[in-house]
$ cat coords18.txt   # compact mmCIF, C-alpha atoms and all ligand atoms
# COMPACT_ATOMS: atom_id res chain seq x y z
CA MET U 1 98.17 156.23 72.47
CA LEU U 2 101.84 155.37 72.57
CA ASN U 3 102.92 151.81 71.95
CA ARG U 4 105.14 149.66 74.15
CA GLU U 5 108.41 150.74 72.50
CA GLU U 6 107.54 154.43 72.67
CA ILE U 7 106.64 154.23 76.35
CA MET U 8 109.87 152.37 77.07
CA GLY U 9 111.80 155.01 75.14
CA TRP U 10 110.39 157.78 77.29
CA LEU U 11 110.95 155.93 80.56
CA ARG U 12 114.60 155.43 79.65
CA GLU U 13 115.09 158.94 78.24
CA ASN U 14 117.77 160.87 80.09
CA ASP U 15 118.29 163.90 77.85
CA PRO U 16 116.74 166.82 79.78
CA GLU U 17 115.54 168.50 76.58
CA ARG U 18 113.76 165.36 75.44
CA VAL U 19 112.22 164.86 78.88
CA ALA U 20 110.99 168.47 78.74
CA GLU U 21 109.42 167.62 75.38
CA LEU U 22 107.55 164.69 76.97
CA TYR U 23 106.25 166.99 79.70
CA LYS U 24 105.17 169.55 77.13
CA GLN U 25 103.27 167.01 75.07
CA ALA U 26 101.48 165.75 78.20
CA ASP U 27 100.75 169.33 79.27
CA ASP U 28 99.17 170.05 75.88
CA ILE U 29 97.03 166.91 76.11
CA ARG U 30 95.97 167.94 79.62
CA ARG U 31 94.94 171.41 78.44
CA GLU U 32 92.99 170.09 75.46
CA ASN U 33 91.13 167.48 77.48
CA VAL U 34 90.57 168.85 80.98
CA GLY U 35 91.47 172.52 80.60
CA ASN U 36 93.35 174.85 82.93
CA ALA U 37 91.30 174.37 86.09
CA VAL U 38 93.02 172.73 89.06
CA TYR U 39 90.47 170.96 91.21
CA LEU U 40 91.06 170.63 94.93
CA ARG U 41 90.03 167.51 96.83
CA GLY U 42 89.83 167.73 100.61
CA LEU U 43 91.56 164.65 102.00
CA ILE U 44 90.38 163.23 105.33
CA GLU U 45 92.54 160.41 106.67
CA PHE U 46 89.97 159.21 109.15
CA SER U 47 91.53 155.97 110.41
CA ASN U 48 95.02 154.48 110.42
CA MET U 49 93.80 151.05 111.49
CA CYS U 50 94.73 148.45 108.92
CA SER U 51 94.39 144.71 108.42
CA ARG U 52 97.15 144.56 105.83
CA ASN U 53 100.89 144.18 106.07
CA CYS U 54 102.09 145.94 102.91
CA GLY U 55 105.87 146.12 102.83
CA TYR U 56 105.92 149.72 101.63
CA CYS U 57 103.46 151.26 104.06
CA GLY U 58 104.12 152.80 107.46
CA ILE U 59 100.65 152.03 108.85
CA ARG U 60 100.73 148.30 108.03
CA ILE U 61 99.37 146.08 110.80
CA GLY U 62 102.82 144.73 111.64
CA ASN U 63 104.18 148.16 112.57
CA SER U 64 103.48 148.03 116.29
CA SER U 65 105.04 151.43 116.95
CA VAL U 66 102.05 153.23 115.38
CA LYS U 67 99.44 154.67 117.73
CA ARG U 68 96.12 153.79 116.14
CA TYR U 69 93.13 156.10 115.79
CA ARG U 70 89.73 156.27 114.19
CA MET U 71 88.00 159.65 113.97
CA SER U 72 84.39 159.92 115.08
CA PRO U 73 81.68 160.72 112.51
CA ASP U 74 81.34 164.16 114.11
CA GLU U 75 85.04 164.88 113.70
CA ILE U 76 84.87 163.74 110.08
CA MET U 77 81.90 166.03 109.47
CA GLN U 78 83.82 168.99 110.89
CA CYS U 79 86.55 168.36 108.32
CA ALA U 80 84.02 167.89 105.52
CA LYS U 81 82.40 171.22 106.40
CA LYS U 82 85.80 172.84 106.24
CA ALA U 83 86.20 171.47 102.71
CA VAL U 84 82.89 173.08 101.77
CA SER U 85 83.85 176.41 103.35
CA LEU U 86 87.11 176.40 101.39
CA GLY U 87 85.20 175.90 98.15
CA TYR U 88 86.31 172.32 97.49
CA GLY U 89 83.80 170.26 95.52
CA THR U 90 85.04 166.86 96.69
CA VAL U 91 85.83 165.15 99.96
CA VAL U 92 88.14 162.13 99.87
CA LEU U 93 87.65 159.64 102.69
CA GLN U 94 90.83 157.66 103.12
CA ALA U 95 91.77 155.07 105.72
CA GLY U 96 93.86 151.99 106.22
CA GLU U 97 92.11 148.83 105.15
CA ASP U 98 90.17 148.73 108.41
CA ARG U 99 88.13 145.53 108.05
CA SER U 100 86.62 145.92 111.51
CA LEU U 101 84.98 149.17 110.43
CA PRO U 102 81.26 148.32 110.15
CA VAL U 103 79.67 148.91 106.76
CA GLU U 104 76.77 150.81 108.38
CA TRP U 105 79.23 153.21 110.01
CA ILE U 106 80.75 154.08 106.65
CA VAL U 107 77.34 154.32 104.98
CA ASP U 108 76.24 156.75 107.67
CA VAL U 109 79.33 158.95 107.20
CA ILE U 110 78.84 158.99 103.41
CA THR U 111 75.16 159.93 103.81
CA GLN U 112 76.00 162.79 106.15
CA ILE U 113 78.73 164.18 103.90
CA LYS U 114 76.54 163.91 100.81
CA SER U 115 73.99 166.14 102.55
CA LEU U 116 76.58 168.94 102.21
CA GLY U 117 76.35 168.74 98.42
CA VAL U 118 79.89 167.64 97.65
CA ALA U 119 81.19 164.63 95.73
CA VAL U 120 82.53 161.81 97.89
CA THR U 121 85.57 159.77 96.92
CA LEU U 122 86.42 156.61 98.86
CA SER U 123 89.95 155.31 99.34
CA LEU U 124 89.40 152.41 101.72
CA GLY U 125 91.40 149.61 100.17
CA GLU U 126 89.96 146.25 99.21
CA ARG U 127 86.54 145.59 100.68
CA PRO U 128 83.85 143.04 99.74
CA MET U 129 81.95 144.13 96.63
CA ALA U 130 78.64 143.87 98.50
CA GLU U 131 79.89 146.64 100.82
CA ILE U 132 81.25 148.72 97.97
CA LYS U 133 77.80 148.59 96.34
CA LYS U 134 76.18 149.79 99.56
CA PHE U 135 78.55 152.76 99.64
CA LYS U 136 77.50 153.59 96.08
CA GLN U 137 73.82 153.40 97.04
CA ALA U 138 74.56 155.74 99.95
CA GLY U 139 75.82 158.28 97.42
CA ALA U 140 79.58 157.70 97.11
CA ASP U 141 80.70 158.92 93.69
CA ARG U 142 84.27 157.75 93.22
CA TYR U 143 86.64 155.03 94.40
CA LEU U 144 90.44 155.08 94.44
CA LEU U 145 92.42 151.86 94.55
CA ARG U 146 95.95 151.88 93.23
CA PHE U 147 97.07 148.56 91.84
CA GLU U 148 100.62 149.70 92.79
CA THR U 149 102.28 147.40 90.21
CA SER U 150 100.92 145.06 87.57
CA ASP U 151 103.84 142.68 88.20
CA ARG U 152 101.92 139.94 90.00
CA ASP U 153 104.96 138.40 91.71
CA LEU U 154 106.20 141.74 92.97
CA PHE U 155 102.70 142.72 94.12
CA GLU U 156 102.40 139.49 96.16
CA LYS U 157 105.75 140.22 97.81
CA ILE U 158 104.98 143.79 98.83
CA HIS U 159 101.25 143.35 99.44
CA PRO U 160 100.64 139.91 100.97
CA SER U 161 97.12 138.56 100.41
CA LEU U 162 94.99 138.02 103.51
CA PRO U 163 94.58 134.36 104.56
CA GLY U 164 92.00 132.68 102.32
CA GLU U 165 91.82 135.58 99.88
CA ARG U 166 93.65 136.39 96.68
CA SER U 167 94.08 140.10 96.36
CA ASP U 168 93.11 141.05 92.79
CA ARG U 169 92.92 144.81 92.52
CA ILE U 170 92.67 144.78 88.74
CA GLN U 171 89.49 142.69 88.95
CA ILE U 172 88.13 145.00 91.67
CA LEU U 173 88.78 148.02 89.42
CA ARG U 174 86.74 146.44 86.63
CA GLU U 175 83.90 145.81 89.06
CA LEU U 176 84.08 149.34 90.44
CA LYS U 177 83.50 150.64 86.93
CA GLU U 178 80.58 148.27 86.43
CA VAL U 179 78.99 149.40 89.68
CA GLY U 180 79.12 152.94 88.33
CA TYR U 181 81.96 154.49 90.27
CA GLU U 182 84.24 157.05 88.78
CA THR U 183 87.24 154.77 89.20
CA GLY U 184 90.81 155.66 90.01
CA SER U 185 94.01 153.72 90.30
CA GLY U 186 97.73 154.23 89.97
CA ILE U 187 101.13 152.93 90.90
CA LEU U 188 104.16 153.42 93.05
CA VAL U 189 107.27 154.32 91.09
CA GLY U 190 110.63 152.93 92.17
CA ILE U 191 109.57 149.93 94.25
CA PRO U 192 112.61 147.69 94.83
CA GLY U 193 112.31 144.89 92.26
CA GLN U 194 110.25 147.02 89.82
CA SER U 195 111.43 146.64 86.22
CA TYR U 196 111.02 149.07 83.34
CA GLU U 197 109.01 146.44 81.46
CA SER U 198 106.53 146.22 84.32
CA VAL U 199 106.02 150.00 84.37
CA VAL U 200 105.36 149.92 80.62
CA ASP U 201 102.74 147.24 81.38
CA ASP U 202 101.27 149.44 84.14
CA ILE U 203 100.85 152.38 81.75
CA LEU U 204 99.29 150.21 79.04
CA LEU U 205 96.93 148.83 81.69
CA PHE U 206 95.81 152.37 82.65
CA GLY U 207 94.56 152.74 79.08
CA ASP U 208 93.07 149.23 78.84
CA LEU U 209 91.10 149.73 82.05
CA GLY U 210 89.89 153.14 80.88
CA LEU U 211 90.47 154.70 84.29
CA HIS U 212 88.86 158.00 85.25
CA MET U 213 91.49 158.98 87.84
CA LEU U 214 95.18 158.15 88.09
CA GLY U 215 97.52 158.75 91.01
CA VAL U 216 101.24 158.17 90.65
CA GLY U 217 103.89 158.77 93.28
CA PRO U 218 107.52 157.92 93.97
CA TYR U 219 108.13 155.17 96.51
CA ILE U 220 109.53 156.70 99.72
CA ALA U 221 111.00 154.13 102.11
CA HIS U 222 109.54 154.06 105.61
CA PRO U 223 112.06 153.07 108.30
CA GLN U 224 109.56 150.77 110.02
CA SER U 225 108.37 149.21 106.76
CA PRO U 226 111.41 148.40 104.66
CA ILE U 227 110.36 146.41 101.61
CA ASP U 228 111.95 142.99 101.79
CA VAL U 229 112.86 142.73 98.11
CA GLU U 230 116.29 143.18 96.55
CA PRO U 231 116.51 145.95 93.94
CA LEU U 232 117.14 144.72 90.38
CA PRO U 233 120.63 145.28 88.89
CA GLU U 234 121.36 148.81 87.77
CA GLY U 235 119.79 149.58 84.43
CA GLN U 236 116.90 147.23 85.12
CA GLN U 237 115.62 148.71 88.38
CA VAL U 238 113.24 151.66 87.98
CA PRO U 239 114.60 154.46 90.18
CA THR U 240 112.37 156.33 92.55
CA GLY U 241 112.37 160.14 92.49
CA VAL U 242 110.56 163.13 91.12
CA GLU U 243 111.71 162.80 87.53
CA MET U 244 110.68 159.20 87.05
CA ALA U 245 107.35 159.83 88.82
CA CYS U 246 106.71 162.85 86.57
CA LYS U 247 107.50 160.84 83.46
CA VAL U 248 104.89 158.32 84.55
CA VAL U 249 102.40 161.14 85.24
CA ALA U 250 102.99 162.42 81.72
CA LEU U 251 102.59 158.96 80.19
CA ALA U 252 99.46 158.37 82.31
CA ARG U 253 97.99 161.57 80.81
CA MET U 254 98.70 160.19 77.36
CA ALA U 255 97.14 156.82 78.24
CA CYS U 256 93.98 158.38 79.71
CA PRO U 257 93.69 161.92 78.27
CA LYS U 258 90.44 162.78 80.08
CA ALA U 259 91.37 161.39 83.48
CA ASN U 260 91.73 163.46 86.62
CA ILE U 261 95.36 163.18 87.69
CA PRO U 262 96.75 164.64 90.92
CA SER U 263 100.14 166.16 91.44
CA THR U 264 100.67 163.83 94.38
CA THR U 265 101.79 164.50 97.93
CA ALA U 266 104.62 161.99 97.50
CA ILE U 267 106.07 164.10 94.67
CA ALA U 268 105.81 167.20 96.87
CA THR U 269 107.44 165.32 99.74
CA LEU U 270 110.58 164.86 97.66
CA ASP U 271 110.65 168.32 96.11
CA GLY U 272 108.18 170.69 97.82
CA ILE U 273 106.36 173.32 95.83
CA ALA U 274 108.70 172.81 92.86
CA GLY U 275 107.63 169.18 92.74
CA ARG U 276 103.95 170.08 92.97
CA THR U 277 104.38 172.57 90.15
CA GLN U 278 106.31 170.07 88.08
CA GLY U 279 103.44 167.58 88.44
CA LEU U 280 100.90 170.19 87.34
CA ASN U 281 103.11 171.04 84.36
CA CYS U 282 103.46 167.48 83.07
CA GLY U 283 99.87 166.28 82.95
CA ALA U 284 98.29 166.68 86.41
CA ASN U 285 95.14 168.75 87.06
CA ILE U 286 94.28 167.92 90.68
CA LEU U 287 95.64 168.70 94.15
CA MET U 288 94.61 167.00 97.36
CA PRO U 289 94.99 169.36 100.34
CA ASN U 290 95.06 167.48 103.62
CA LEU U 291 92.18 168.34 105.98
CA THR U 292 92.97 165.72 108.61
CA PRO U 293 93.24 167.33 112.07
CA GLN U 294 96.88 167.82 113.06
CA LYS U 295 96.80 165.39 116.00
CA TYR U 296 95.76 162.56 113.69
CA ARG U 297 97.73 163.66 110.65
CA GLU U 298 101.03 162.86 112.27
CA LEU U 299 99.78 159.33 113.02
CA TYR U 300 98.86 158.72 109.37
CA GLU U 301 102.43 158.22 108.32
CA ILE U 302 102.25 155.94 105.29
CA TYR U 303 105.72 157.27 104.47
CA PRO U 304 107.95 159.70 106.42
CA SER U 305 107.79 163.50 106.30
CA LYS U 306 104.66 163.64 104.17
CA ALA U 307 104.30 167.08 102.62
CA VAL U 308 101.36 169.25 103.61
CA LEU U 309 99.57 171.62 101.30
CA SER U 310 98.42 174.09 103.90
CA GLU U 311 94.79 174.72 103.34
CA GLU U 312 93.82 177.40 105.81
CA GLY U 313 94.49 181.03 105.13
CA ALA U 314 96.29 179.85 102.02
CA ALA U 315 93.50 180.40 99.53
CA GLN U 316 95.09 183.61 98.26
CA SER U 317 98.57 182.17 97.96
CA LEU U 318 97.12 179.18 96.11
CA ALA U 319 95.34 181.52 93.71
CA ASP U 320 98.57 183.48 93.19
CA TRP U 321 100.54 180.34 92.55
CA PHE U 322 97.98 179.02 90.07
CA LYS U 323 98.11 182.32 88.22
CA THR U 324 101.89 182.14 87.82
CA ILE U 325 101.50 178.80 86.06
CA GLY U 326 98.51 179.79 83.93
CA ARG U 327 95.98 177.87 85.95
CA TYR U 328 93.04 178.62 88.25
CA GLN U 329 91.06 176.85 90.98
CA GLY U 330 88.26 174.75 89.52
CA GLU U 331 84.78 175.27 90.90
CA GLY U 332 82.26 172.52 91.58
CA ARG U 333 82.79 168.79 91.73
CA GLY U 334 85.29 168.45 88.91
CA ASP U 335 83.99 165.13 87.64
CA SER U 336 86.17 163.43 85.07
CA PRO U 337 84.98 163.99 81.51
CA ALA U 338 86.15 160.39 80.99
CA MET U 339 83.02 159.23 82.83
CA CYS U 340 81.10 159.75 79.58
CA HIS U 341 82.56 156.66 77.92
N1 LIG U 401 105.83 155.79 99.55
C1 LIG U 401 105.03 156.40 98.65
N2 LIG U 401 103.71 156.14 98.54
C2 LIG U 401 103.19 155.22 99.37
N3 LIG U 401 101.94 154.73 99.48
C3 LIG U 401 101.94 153.82 100.48
N4 LIG U 401 103.15 153.71 101.02
C4 LIG U 401 103.96 154.56 100.33
C5 LIG U 401 105.35 154.87 100.40
N5 LIG U 401 106.16 154.29 101.29
C6 LIG U 401 100.85 155.05 98.57
C7 LIG U 401 100.30 153.77 97.95
C8 LIG U 401 98.84 153.78 98.36
C9 LIG U 401 98.59 155.24 98.63
C10 LIG U 401 97.43 155.51 99.51
O1 LIG U 401 99.79 155.66 99.23
O2 LIG U 401 100.42 153.83 96.52
O3 LIG U 401 97.97 153.27 97.37
$ encode --input "coords18.txt" --output "structure tokens"
Amino acid sequence: MLNREEIMGWLRENDPERVAELYKQADDIRRENVGNAVYLRGLIEFSNMCSRNCGYCGIRIGNSSVKRYRMSPDEIMQCAKKAVSLGYGTVVLQAGEDRSLPVEWIVDVITQIKSLGVAVTLSLGERPMAEIKKFKQAGADRYLLRFETSDRDLFEKIHPSLPGERSDRIQILRELKEVGYETGSGILVGIPGQSYESVVDDILLFGDLGLHMLGVGPYIAHPQSPIDVEPLPEGQQVPTGVEMACKVVALARMACPKANIPSTTAIATLDGIAGRTQGLNCGANILMPNLTPQKYRELYEIYPSKAVLSEEGAAQSLADWFKTIGRYQGEGRGDSPAMCH
């Protein structure tokens, strides 16, 4: 694993040839540890209701211009069946942090999806550990919870704690591992107020936590959720954008060689298919096609103009694309080999 100075050196590297060298090293580590398969995860954004007021996110509770929805269990099952028919081995259930969503409701949805024989990943934000354990008992396999930034002061500013609670995602991640989840986290790159030092800390923390999945994306400002933090002076502020996000993907691969790492939708939003390819070529081995029905998808606007990896009728073009970059679609669940330690 790289040390603090080496990570800092890469984050500040501007020479395109050197950056290409970083990507190549990460790509080699990816190949050696998780091979050439690209696993597809069917993403279902089943509710945009949220109790939180995160400064970066378009579906925060304070954004009153959002029309709220929650899909029915039947609608969710339709999407899950589509994932199965497309050959995906995993369904990702994502929602805003909808605290009014009853635990039994979620347990029932997990149970139904598990009957299809796929892995279930939850991305539901911070919920009481007692609930998270019930989801595990119902068959949920994996949990995603980005810590967004390890800079505690910045995190508090962009992700206000709920009254009477202190949001501690790093502690939750440790508990998720203890409960037996394949555990994923990650950060936003280019948050106003985010320093290079803090991103070095984030990457070191990926390794310390021994994460099984890592998602990294550039911060994309949402007009109705402008973060209320001044950027740091030039040279200290981490820029957003594809290149910086890809550097962090590459460094994440080095920190957790056996993790499953997506080429994220946020990267594709800034640079389309080229961005997706770039992510796959600098350490990523996962894609998350969106299976949310169109009428809901447009209401799940965590940031504007979210890219869509079209899933239907696109199987052949996906296969062709993978071939051009020396990859192929993974079959089965695609569990992280990191789960063994
Ligand atoms: N830009 C990019 N990514 C965002 N996310 C939330 N808001 C934004 C934004 N404005 C990411 C967060 C969250 C994940 C589900 O989406 O990192 O954890």
$ atom_distance --input "coords18.txt" --atom1 "atom CA of Leu318 of chain U" --atom2 "atom CA of Ile286 of chain U"
12.8 Å
$ residues_around --input "coords18.txt" --residues "Gly330 of chain U" --least-positions-apart "5" --cutoff "9 Å" --atoms "only C-alpha atoms" --output "PyMOL selection string"
chain U and resi 36-40+88-89
$ closest_atom_pairs --input "coords18.txt" --of "chain U" --to "ligand LIG 401 (chain U)" --cutoff "6 Å" --atoms "only C-alpha atoms and all ligand atoms" --output "tab-separated table"
residue	atom	partner	partner_atom	distance
U:Tyr56	CA	U:LIG401	N5	4.6
U:Cys57	CA	U:LIG401	N4	3.9
U:Arg146	CA	U:LIG401	O3	4.8
U:Glu148	CA	U:LIG401	O2	5.6
U:Ile187	CA	U:LIG401	O2	5.7
U:Leu188	CA	U:LIG401	O2	5.1
U:Gly217	CA	U:LIG401	N2	5.9
U:Pro218	CA	U:LIG401	C1	5.5
U:Tyr219	CA	U:LIG401	N1	3.9
U:Ile220	CA	U:LIG401	N1	3.8
U:Ala221	CA	U:LIG401	N5	4.9
U:His222	CA	U:LIG401	N5	5.5
U:Ala266	CA	U:LIG401	C1	5.7
U:Ile302	CA	U:LIG401	N4	4.9
U:Tyr303	CA	U:LIG401	N5	4.4
$ closest_residue --input "coords18.txt" --among "U:Val199, U:Thr121, U:Gln171, U:Ala319" --to "Ser150 of chain U" --atoms "all atoms listed in the file"
U:Val199
$ atom_distance --input "coords18.txt" --atom1 "atom CA of Asn14 of chain U" --atom2 "atom CA of Thr265 of chain U"
24.2 Å
$ closest_residue --input "coords18.txt" --among "U:Gln224, U:Ser305, U:Glu104, U:Ser51" --to "Thr269 of chain U" --atoms "all atoms listed in the file"
U:Ser305
$ closest_residue --input "coords18.txt" --among "U:Leu209, U:Val179, U:Val92, U:Val103" --to "Lys133 of chain U" --atoms "all atoms listed in the file"
U:Val179
$ closest_residue --input "coords18.txt" --among "U:Ala245, U:Val91, U:Ile113, U:Ile59" --to "Asp271 of chain U" --atoms "all atoms listed in the file"
U:Ala245
$ residues_around --input "coords18.txt" --residues "Ser263 of chain U" --least-positions-apart "3" --cutoff "12 Å" --atoms "only C-alpha atoms" --output "MDAnalysis selection string"
chainID U and resid 38:41 213:218 242 245:246 248:250 253 260 266:269 271:289 307 309
$ closest_residue --input "coords18.txt" --among "U:Gln316, U:Asn48, U:Gln194, U:Ser167" --to "Leu232 of chain U" --atoms "only C-alpha atoms"
U:Gln194
$ closest_residue --input "coords18.txt" --among "U:Glu243, U:Gln294, U:Ala119, U:Lys136" --to "Pro16 of chain U" --atoms "all atoms listed in the file"
U:Glu243
$ residues_around --input "coords18.txt" --residues "segment 8-12 of chain U" --least-positions-apart "4" --cutoff "8 Å" --atoms "only C-alpha atoms" --output "VMD selection string"
chain U and resid 4 19 22 196 to 197 200 244 247 to 248
$ write_last_selection --input "coords18.txt" --atoms "C-alpha atoms" --output "PDB file, in the coordinates of the input"
ATOM      1  CA  ARG U   4     105.140 149.660  74.150  1.00  0.00           C
ATOM      2  CA  VAL U  19     112.220 164.860  78.880  1.00  0.00           C
ATOM      3  CA  LEU U  22     107.550 164.690  76.970  1.00  0.00           C
ATOM      4  CA  TYR U 196     111.020 149.070  83.340  1.00  0.00           C
ATOM      5  CA  GLU U 197     109.010 146.440  81.460  1.00  0.00           C
ATOM      6  CA  VAL U 200     105.360 149.920  80.620  1.00  0.00           C
ATOM      7  CA  MET U 244     110.680 159.200  87.050  1.00  0.00           C
ATOM      8  CA  LYS U 247     107.500 160.840  83.460  1.00  0.00           C
ATOM      9  CA  VAL U 248     104.890 158.320  84.550  1.00  0.00           C
TER      10      VAL U 248
END
$ atom_distance --input "coords18.txt" --atom1 "atom CA of Cys54 of chain U" --atom2 "atom CA of Leu173 of chain U"
19.1 Å
$ closest_atom_pairs --input "coords18.txt" --of "segment 173-213 of chain U" --to "segment 127-131 of chain U" --cutoff "12 Å" --atoms "all atoms listed in the file" --output "CSV"
residue,atom,partner,partner_atom,distance
U:Leu173,CA,U:Met129,CA,10.7
U:Arg174,CA,U:Met129,CA,11.3
U:Glu175,CA,U:Met129,CA,8.0
U:Leu176,CA,U:Met129,CA,8.4
U:Lys177,CA,U:Met129,CA,11.8
U:Glu178,CA,U:Met129,CA,11.1
U:Val179,CA,U:Met129,CA,9.2
$ residues_near_point --input "coords18.txt" --point "(120.0, 145.0, 86.7)" --cutoff "12 Å" --atoms "only C-alpha atoms" --output "ChimeraX atom specification"
/U:192-196,230-239
$ write_last_selection --input "coords18.txt" --atoms "C-alpha atoms" --output "mmCIF file, keeping the file's coordinate frame"
data_model
loop_
_atom_site.group_PDB
_atom_site.id
_atom_site.type_symbol
_atom_site.label_atom_id
_atom_site.label_comp_id
_atom_site.auth_asym_id
_atom_site.auth_seq_id
_atom_site.Cartn_x
_atom_site.Cartn_y
_atom_site.Cartn_z
ATOM 1 C CA PRO U 192 112.610 147.690 94.830
ATOM 2 C CA GLY U 193 112.310 144.890 92.260
ATOM 3 C CA GLN U 194 110.250 147.020 89.820
ATOM 4 C CA SER U 195 111.430 146.640 86.220
ATOM 5 C CA TYR U 196 111.020 149.070 83.340
ATOM 6 C CA GLU U 230 116.290 143.180 96.550
ATOM 7 C CA PRO U 231 116.510 145.950 93.940
ATOM 8 C CA LEU U 232 117.140 144.720 90.380
ATOM 9 C CA PRO U 233 120.630 145.280 88.890
ATOM 10 C CA GLU U 234 121.360 148.810 87.770
ATOM 11 C CA GLY U 235 119.790 149.580 84.430
ATOM 12 C CA GLN U 236 116.900 147.230 85.120
ATOM 13 C CA GLN U 237 115.620 148.710 88.380
ATOM 14 C CA VAL U 238 113.240 151.660 87.980
ATOM 15 C CA PRO U 239 114.600 154.460 90.180
#
$ axis_aligned_box --input "coords18.txt" --around "segment 197-208 of chain U" --padding-each-side "8 Å" --output "AutoDock Vina command-line options"
--center_x 101.0 --center_y 149.5 --center_z 81.6 --size_x 31.9 --size_y 22.5 --size_z 21.5
$ residues_around --input "coords18.txt" --residues "Pro337 of chain U" --least-positions-apart "4" --cutoff "9 Å" --atoms "all atoms listed in the file" --output "list in words"
Asn33, Val34, His212, Lys258, Ala259, Asn260 and His341 of chain U
$ residues_around --input "coords18.txt" --residues "Ile44 of chain U" --least-positions-apart "3" --cutoff "7 Å" --atoms "only C-alpha atoms" --output "list of chain:residue names"
U:Val92, U:Leu93, U:Gln94, U:Asn290, U:Leu291, U:Thr292
$ build_atoms --input "coords18.txt" --residues "segment 183-188 of chain U" --atoms "all heavy atoms" --output "PDB file, in the frame of the given file"
ATOM      1  N   THR U 183      86.275 155.728  88.636  1.00  0.00           N
ATOM      2  CA  THR U 183      87.240 154.770  89.200  1.00  0.00           C
ATOM      3  C   THR U 183      88.674 155.230  88.988  1.00  0.00           C
ATOM      4  O   THR U 183      89.069 155.597  87.871  1.00  0.00           O
ATOM      5  CB  THR U 183      87.025 153.384  88.526  1.00  0.00           C
ATOM      6  OG1 THR U 183      85.672 152.986  88.779  1.00  0.00           O
ATOM      7  CG2 THR U 183      87.967 152.345  89.077  1.00  0.00           C
ATOM      8  N   GLY U 184      89.428 155.199  90.073  1.00  0.00           N
ATOM      9  CA  GLY U 184      90.810 155.660  90.010  1.00  0.00           C
ATOM     10  C   GLY U 184      91.782 154.598  90.463  1.00  0.00           C
ATOM     11  O   GLY U 184      91.482 153.774  91.332  1.00  0.00           O
ATOM     12  N   SER U 185      92.969 154.637  89.867  1.00  0.00           N
ATOM     13  CA  SER U 185      94.010 153.720  90.300  1.00  0.00           C
ATOM     14  C   SER U 185      95.353 154.410  90.128  1.00  0.00           C
ATOM     15  O   SER U 185      95.411 155.640  90.025  1.00  0.00           O
ATOM     16  CB  SER U 185      93.937 152.415  89.504  1.00  0.00           C
ATOM     17  OG  SER U 185      94.757 151.437  90.094  1.00  0.00           O
ATOM     18  N   GLY U 186      96.415 153.622  90.120  1.00  0.00           N
ATOM     19  CA  GLY U 186      97.730 154.230  89.970  1.00  0.00           C
ATOM     20  C   GLY U 186      98.790 153.290  90.506  1.00  0.00           C
ATOM     21  O   GLY U 186      98.494 152.157  90.908  1.00  0.00           O
ATOM     22  N   ILE U 187     100.004 153.780  90.501  1.00  0.00           N
ATOM     23  CA  ILE U 187     101.130 152.930  90.900  1.00  0.00           C
ATOM     24  C   ILE U 187     102.125 153.690  91.779  1.00  0.00           C
ATOM     25  O   ILE U 187     102.096 154.918  91.879  1.00  0.00           O
ATOM     26  CB  ILE U 187     101.900 152.368  89.679  1.00  0.00           C
ATOM     27  CG1 ILE U 187     102.529 153.502  88.852  1.00  0.00           C
ATOM     28  CG2 ILE U 187     101.001 151.502  88.829  1.00  0.00           C
ATOM     29  CD1 ILE U 187     103.603 153.013  87.873  1.00  0.00           C
ATOM     30  N   LEU U 188     102.978 152.905  92.376  1.00  0.00           N
ATOM     31  CA  LEU U 188     104.160 153.420  93.050  1.00  0.00           C
ATOM     32  C   LEU U 188     105.324 153.302  92.078  1.00  0.00           C
ATOM     33  O   LEU U 188     105.477 152.270  91.425  1.00  0.00           O
ATOM     34  CB  LEU U 188     104.464 152.554  94.273  1.00  0.00           C
ATOM     35  CG  LEU U 188     103.687 152.850  95.542  1.00  0.00           C
ATOM     36  CD1 LEU U 188     103.948 151.750  96.574  1.00  0.00           C
ATOM     37  CD2 LEU U 188     104.104 154.197  96.096  1.00  0.00           C
TER      38      LEU U 188
END
